[in-house]
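What follows is the content of target_0.txt (compact mmCIF, C-alpha atoms).
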```
# COMPACT_ATOMS: atom_id res chain seq x y z
CA MET A 1 -0.32 14.85 -26.18
CA THR A 2 1.63 15.87 -23.08
CA GLU A 3 3.82 13.44 -21.30
CA SER A 4 3.79 13.46 -17.52
CA LYS A 5 7.18 13.45 -15.86
CA PRO A 6 7.84 11.46 -12.70
CA SER A 7 8.22 13.34 -9.45
CA PRO A 8 11.79 14.55 -8.93
CA SER A 9 11.86 12.54 -5.70
CA ARG A 10 11.13 9.26 -7.48
CA GLN A 11 14.41 7.38 -7.52
CA ASN A 12 13.54 4.47 -9.79
CA SER A 13 10.52 2.66 -11.06
CA PRO A 14 9.14 0.27 -8.44
CA THR A 15 9.74 -2.57 -10.91
CA SER A 16 13.29 -1.79 -11.93
CA ASP A 17 16.60 -0.63 -10.51
CA GLY A 18 17.50 1.40 -13.58
CA ARG A 19 19.40 -1.55 -15.06
CA GLY A 20 16.24 -3.54 -15.74
CA VAL A 21 16.63 -5.73 -12.64
CA PRO A 22 13.29 -6.16 -10.90
CA PRO A 23 13.23 -5.87 -7.10
CA ASP A 24 12.63 -8.89 -4.91
CA LEU A 25 9.43 -8.29 -2.90
CA LEU A 26 10.01 -9.60 0.62
CA ALA A 27 7.06 -8.18 2.49
CA ARG A 28 3.82 -6.41 1.66
CA THR A 29 1.12 -5.44 4.09
CA THR A 30 -1.73 -2.94 4.08
CA ASP A 31 -3.91 -1.46 6.78
CA THR A 32 -6.41 1.33 7.24
CA ILE A 33 -5.57 3.97 9.82
CA ASP A 34 -8.29 6.10 11.39
CA ALA A 35 -6.48 9.38 10.73
CA ASP A 36 -6.09 11.75 7.82
CA ALA A 37 -3.18 11.43 5.39
CA GLU A 38 -1.36 14.42 6.94
CA ALA A 39 -1.20 12.80 10.39
CA VAL A 40 -0.15 9.44 8.96
CA PHE A 41 2.49 10.97 6.70
CA ALA A 42 3.87 13.09 9.57
CA THR A 43 4.66 9.88 11.43
CA LEU A 44 5.94 7.83 8.49
CA ALA A 45 8.04 10.54 6.83
CA TYR A 46 10.08 11.60 9.84
CA GLY A 47 12.50 8.98 11.17
CA GLY A 48 12.21 10.09 14.80
CA ARG A 49 8.41 9.89 14.89
CA HIS A 50 8.47 6.65 12.93
CA GLY A 51 10.85 5.25 15.55
CA ASP A 52 8.68 6.49 18.43
CA ALA A 53 5.73 4.57 16.99
CA ILE A 54 7.50 1.18 16.95
CA PRO A 55 8.24 -0.24 20.43
CA GLU A 56 11.19 -2.33 19.16
CA VAL A 57 13.06 0.80 18.06
CA GLU A 58 15.39 1.84 20.87
CA SER A 59 16.78 4.96 19.24
CA VAL A 60 16.94 7.02 16.07
CA GLU A 61 20.06 9.08 15.50
CA PHE A 62 20.14 11.52 12.58
CA VAL A 63 23.44 11.59 10.68
CA SER A 64 22.42 14.42 8.35
CA ASP A 65 21.32 17.99 8.92
CA LYS A 66 17.98 17.14 7.31
CA THR A 67 15.47 15.27 9.47
CA GLU A 68 12.74 15.00 6.86
CA GLY A 69 12.52 14.64 3.10
CA VAL A 70 14.88 13.40 0.43
CA GLY A 71 18.39 13.27 1.83
CA ALA A 72 17.44 12.82 5.49
CA ARG A 73 19.67 10.08 6.92
CA PHE A 74 19.49 8.32 10.26
CA ARG A 75 20.53 5.21 12.18
CA GLU A 76 17.77 3.17 13.75
CA THR A 77 18.71 0.83 16.58
CA ARG A 78 16.24 -1.93 17.46
CA LYS A 79 15.93 -4.18 20.49
CA LEU A 80 17.42 -7.53 19.51
CA THR A 81 17.99 -10.83 21.24
CA ALA A 82 21.64 -11.82 21.69
CA ALA A 83 21.41 -14.25 18.74
CA GLN A 84 19.74 -11.62 16.52
CA ALA A 85 22.39 -9.05 17.47
CA ARG A 86 25.25 -11.41 16.49
CA PHE A 87 23.50 -12.28 13.21
CA PHE A 88 22.83 -8.62 12.36
CA LYS A 89 26.39 -7.56 13.22
CA LEU A 90 27.87 -10.39 11.14
CA LEU A 91 25.84 -9.28 8.12
CA LYS A 92 26.44 -5.56 8.76
CA LEU A 93 22.73 -4.86 9.24
CA TYR A 94 23.10 -3.51 12.76
CA ARG A 95 22.89 0.29 13.06
CA ASN A 96 23.30 0.88 9.34
CA VAL A 97 22.29 4.22 7.83
CA ILE A 98 18.80 4.62 6.40
CA GLU A 99 18.19 7.37 3.83
CA CYS A 100 14.97 8.91 2.58
CA THR A 101 15.15 8.75 -1.23
CA GLU A 102 11.54 9.49 -2.15
CA PHE A 103 9.21 11.96 -0.45
CA GLU A 104 5.81 12.86 -1.85
CA PRO A 105 3.81 14.61 0.90
CA CYS A 106 0.74 12.71 2.06
CA ARG A 107 1.31 10.13 -0.68
CA ARG A 108 4.58 8.18 -0.52
CA VAL A 109 7.90 7.87 1.30
CA ARG A 110 10.80 5.51 0.52
CA TYR A 111 13.74 4.65 2.75
CA VAL A 112 16.82 2.84 1.48
CA SER A 113 19.59 1.11 3.42
CA HIS A 114 22.48 -1.08 2.36
CA GLY A 115 23.65 -4.30 3.97
CA ALA A 116 24.06 -8.04 3.53
CA GLY A 117 24.77 -7.62 -0.16
CA ALA A 118 21.58 -5.78 -1.05
CA HIS A 119 19.84 -2.42 -1.23
CA TRP A 120 16.81 -2.58 1.09
CA HIS A 121 13.81 -0.41 0.15
CA SER A 122 11.03 0.29 2.66
CA ILE A 123 8.16 1.98 0.84
CA TYR A 124 5.02 3.44 2.40
CA THR A 125 2.20 4.44 0.03
CA LEU A 126 -0.82 6.35 1.37
CA ALA A 127 -4.33 6.58 -0.10
CA PRO A 128 -6.86 8.88 1.62
CA LEU A 129 -10.23 7.12 1.94
CA GLY A 130 -12.32 10.06 3.17
CA ASP A 131 -13.93 10.40 6.59
CA GLY A 132 -10.46 10.97 8.08
CA ARG A 133 -9.16 7.50 7.21
CA THR A 134 -6.04 6.55 5.25
CA ARG A 135 -5.06 3.27 3.62
CA VAL A 136 -1.34 2.52 4.01
CA GLU A 137 0.62 -0.05 2.03
CA PHE A 138 4.07 -1.08 3.25
CA ARG A 139 6.44 -2.86 0.86
CA LEU A 140 9.91 -4.18 1.64
CA GLU A 141 11.95 -4.81 -1.49
CA THR A 142 15.57 -5.66 -2.07
CA ARG A 143 17.83 -5.20 -5.02
CA PRO A 144 20.73 -7.64 -4.72
CA ARG A 145 24.33 -6.53 -5.24
CA ASN A 146 25.91 -9.97 -4.88
CA LEU A 147 25.15 -13.63 -4.13
CA LEU A 148 24.50 -13.00 -0.43
CA GLY A 149 22.05 -10.26 -1.41
CA ARG A 150 20.14 -12.73 -3.59
CA TRP A 151 20.12 -15.59 -1.10
CA LEU A 152 19.68 -14.07 2.39
CA PRO A 153 16.60 -11.88 1.86
CA ARG A 154 14.73 -14.79 0.30
CA MET A 155 15.61 -16.98 3.29
CA LEU A 156 14.25 -14.30 5.63
CA ARG A 157 11.05 -13.59 3.68
CA GLY A 158 8.69 -15.07 6.34
CA PRO A 159 10.20 -13.28 9.36
CA LEU A 160 10.45 -10.02 7.38
CA GLN A 161 6.77 -10.23 6.37
CA GLU A 162 5.83 -10.78 10.01
CA ALA A 163 8.04 -7.91 11.20
CA GLY A 164 6.66 -5.53 8.54
CA GLY A 165 3.08 -6.33 9.58
CA LYS A 166 3.94 -5.87 13.25
CA ASP A 167 5.60 -2.49 12.57
CA LEU A 168 2.60 -1.24 10.56
CA LYS A 169 0.21 -2.32 13.34
CA ALA A 170 2.36 -0.46 15.89
CA ILE A 171 2.32 2.67 13.71
CA LYS A 172 -1.47 2.38 13.33
CA HIS A 173 -2.01 2.11 17.10
CA HIS A 174 0.42 4.96 17.79
CA ILE A 175 -1.42 7.31 15.44
CA GLU A 176 -4.93 6.21 16.44
CA ASP A 177 -4.11 6.54 20.14
CA GLY A 178 -3.31 10.18 19.49
CA ALA A 179 0.47 10.22 19.88
CA GLY A 180 1.01 10.56 16.12
CA ARG A 181 -1.61 13.30 15.78
CA ARG A 182 0.34 15.60 18.12
CA ALA A 183 3.54 15.30 16.08
```
What would you get if you wrote out this structure as structure tokens?
Amino acid sequence: MTESKPSPSRQNSPTSDGRGVPPDLLARTTDTIDADAEAVFATLAYGGRHGDAIPEVESVEFVSDKTEGVGARFRETRKLTAAQARFFKLLKLYRNVIECTEFEPCRRVRYVSHGAGAHWHSIYTLAPLGDGRTRVEFRLETRPRNLLGRWLPRMLRGPLQEAGGKDLKAIKHHIEDGAGRRA
């Protein structure tokens, strides 16, 4: 019997951080996009295109030579209200670096950032449905590093679920309107 090895881009099991600590699922949303997996992945797996698809993203600045794939790192700046900006700055969530840690073409991409006492994982999983359509699942998970990292994400679960759904809808419309297909 042969044993299959995980993809070299797979950082950790989705249910463990390597120390046996399960992630805290904060948001999960799925949608079907009327585009093939290549077009969807091209938008999700490249920080600049991903940022172009979401109206709340003001800018994406790459801080690595790579702009795609494992090791690509960028800062994403979002439009925030004055109160949100103070809150995000206080918790060191404003303009933090996001890194691609998992990259399986046309299948899955994972971004990780660090702030407010936790590792934040944004995971997009694609499933081609045929007829040029792709099912996309977005998951936002955290792995706490301290007490703040355990407490804060749970307090923000509702707004994070809403924001994740809104971002996925924006990505869907961007791709279906043709902007993502030209990428």
Next on the checklist: Report as a PyMOL selection string all protein, DNA and RNA residues lying within 10 Å of Asp131 (chain A), evaluated on all atoms listed in the file, omitting residues in the same chain fewer than 4 positions from it.
Outcome noted: chain A and resi 34-36
Export, as a compact mmCIF listing (two decimals), in the frame of the given file, the selected residues with C-alpha atoms.
```
# COMPACT_ATOMS: atom_id res chain seq x y z
CA ASP A 34 -8.29 6.10 11.39
CA ALA A 35 -6.48 9.38 10.73
CA ASP A 36 -6.09 11.75 7.82
```
Among A:Leu129, A:Glu176, A:Lys79, A:Val63, Gly51 (chain A) is approached most closely, using only C-alpha atoms, by A:Lys79
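Every protein or nucleic acid residue with an atom no more than 6 Å from Leu140 (chain A), counting only C-alpha atoms and leaving out same-chain residues fewer than 4 positions away, appears here: Leu26, Ala27, His121 and Ser122 of chain A.
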Mind giving me the axis-aligned box for region 101-109 of chain A with 6 Å on every side, centre plus edges in Å to one decimal, as lines of an AutoDock Vina configuration file?
```
center_x = 7.9
center_y = 11.2
center_z = 0.0
size_x = 26.4
size_y = 18.7
size_z = 16.2
```
Nearest to Glu56 (chain A), restricted to all atoms listed in the file and choosing among A:Arg157, A:Arg107, A:Lys166, A:Arg73, comes out as A:Lys166
CA of Val60 (chain A) to CA of Tyr46 (chain A) measures 10.3 Å
**Request:** Pick out the residues sitting within 10 Å of Arg110 (chain A), and hand them over as a PyMOL selection string; count all atoms listed in the file, and ignore anything fewer than 2 positions along from it in its own chain.
**Result:** chain A and resi 9-11+44-45+69-70+98-104+108+112+121-125+138-140
Using all atoms listed in the file, the shortest atom-to-atom distance to His119 (chain A) among A:Ala83, A:Val136, A:Ile33, A:Leu148 belongs to A:Leu148
- Which protein, DNA or RNA residues have an atom at most 9 Å from (-2.6, 3.2, 11.7), counting all atoms listed in the file? List them as a VMD selection string. chain A and resid 31 to 35 40 134 to 136 168 to 176
Once you have the residues from the selection above, write them out as a tab-separated table (two decimals), in the frame of the given file, restricted to C-alpha atoms.
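The new file part_18.tsv reads:
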```tsv
chain	number	residue	atom	x	y	z
A	31	ASP	CA	-3.91	-1.46	6.78
A	32	THR	CA	-6.41	1.33	7.24
A	33	ILE	CA	-5.57	3.97	9.82
A	34	ASP	CA	-8.29	6.10	11.39
A	35	ALA	CA	-6.48	9.38	10.73
A	40	VAL	CA	-0.15	9.44	8.96
A	134	THR	CA	-6.04	6.55	5.25
A	135	ARG	CA	-5.06	3.27	3.62
A	136	VAL	CA	-1.34	2.52	4.01
A	168	LEU	CA	2.60	-1.24	10.56
A	169	LYS	CA	0.21	-2.32	13.34
A	170	ALA	CA	2.36	-0.46	15.89
A	171	ILE	CA	2.32	2.67	13.71
A	172	LYS	CA	-1.47	2.38	13.33
A	173	HIS	CA	-2.01	2.11	17.10
A	174	HIS	CA	0.42	4.96	17.79
A	175	ILE	CA	-1.42	7.31	15.44
A	176	GLU	CA	-4.93	6.21	16.44
```
inquiry  = I'd like the neighbourhood of Val97 (chain A) as a ChimeraX atom specification, where a residue qualifies if any of its atoms comes within 10 Å (using only C-alpha atoms), though same-chain residues fewer than 3 positions away should be ignored.
reply    = /A:61-63,73-76,93-94,111-115
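CA of Pro22 (chain A) is positioned 15.8 Å from CA of Gly117 (chain A).
Straight-line separation from CA of Glu38 (chain A) to CA of Pro128 (chain A): 9.4 Å.
Remark: for Gly158 (chain A), the closest of the candidate residues A:Ile54, A:Leu25, A:Gly130, A:Arg49 is A:Leu25 (distances computed over all atoms listed in the file).
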Restricting to all atoms listed in the file, whichever of A:Met155, A:Ala42, A:Ala37, A:Ala127 is closest to Thr67 (chain A) is A:Ala42
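Between Gly164 (chain A) and the residues A:Ala118, A:Gly47, A:Pro144, A:Glu137, the shortest atom-to-atom distance, using only C-alpha atoms, involves A:Glu137.
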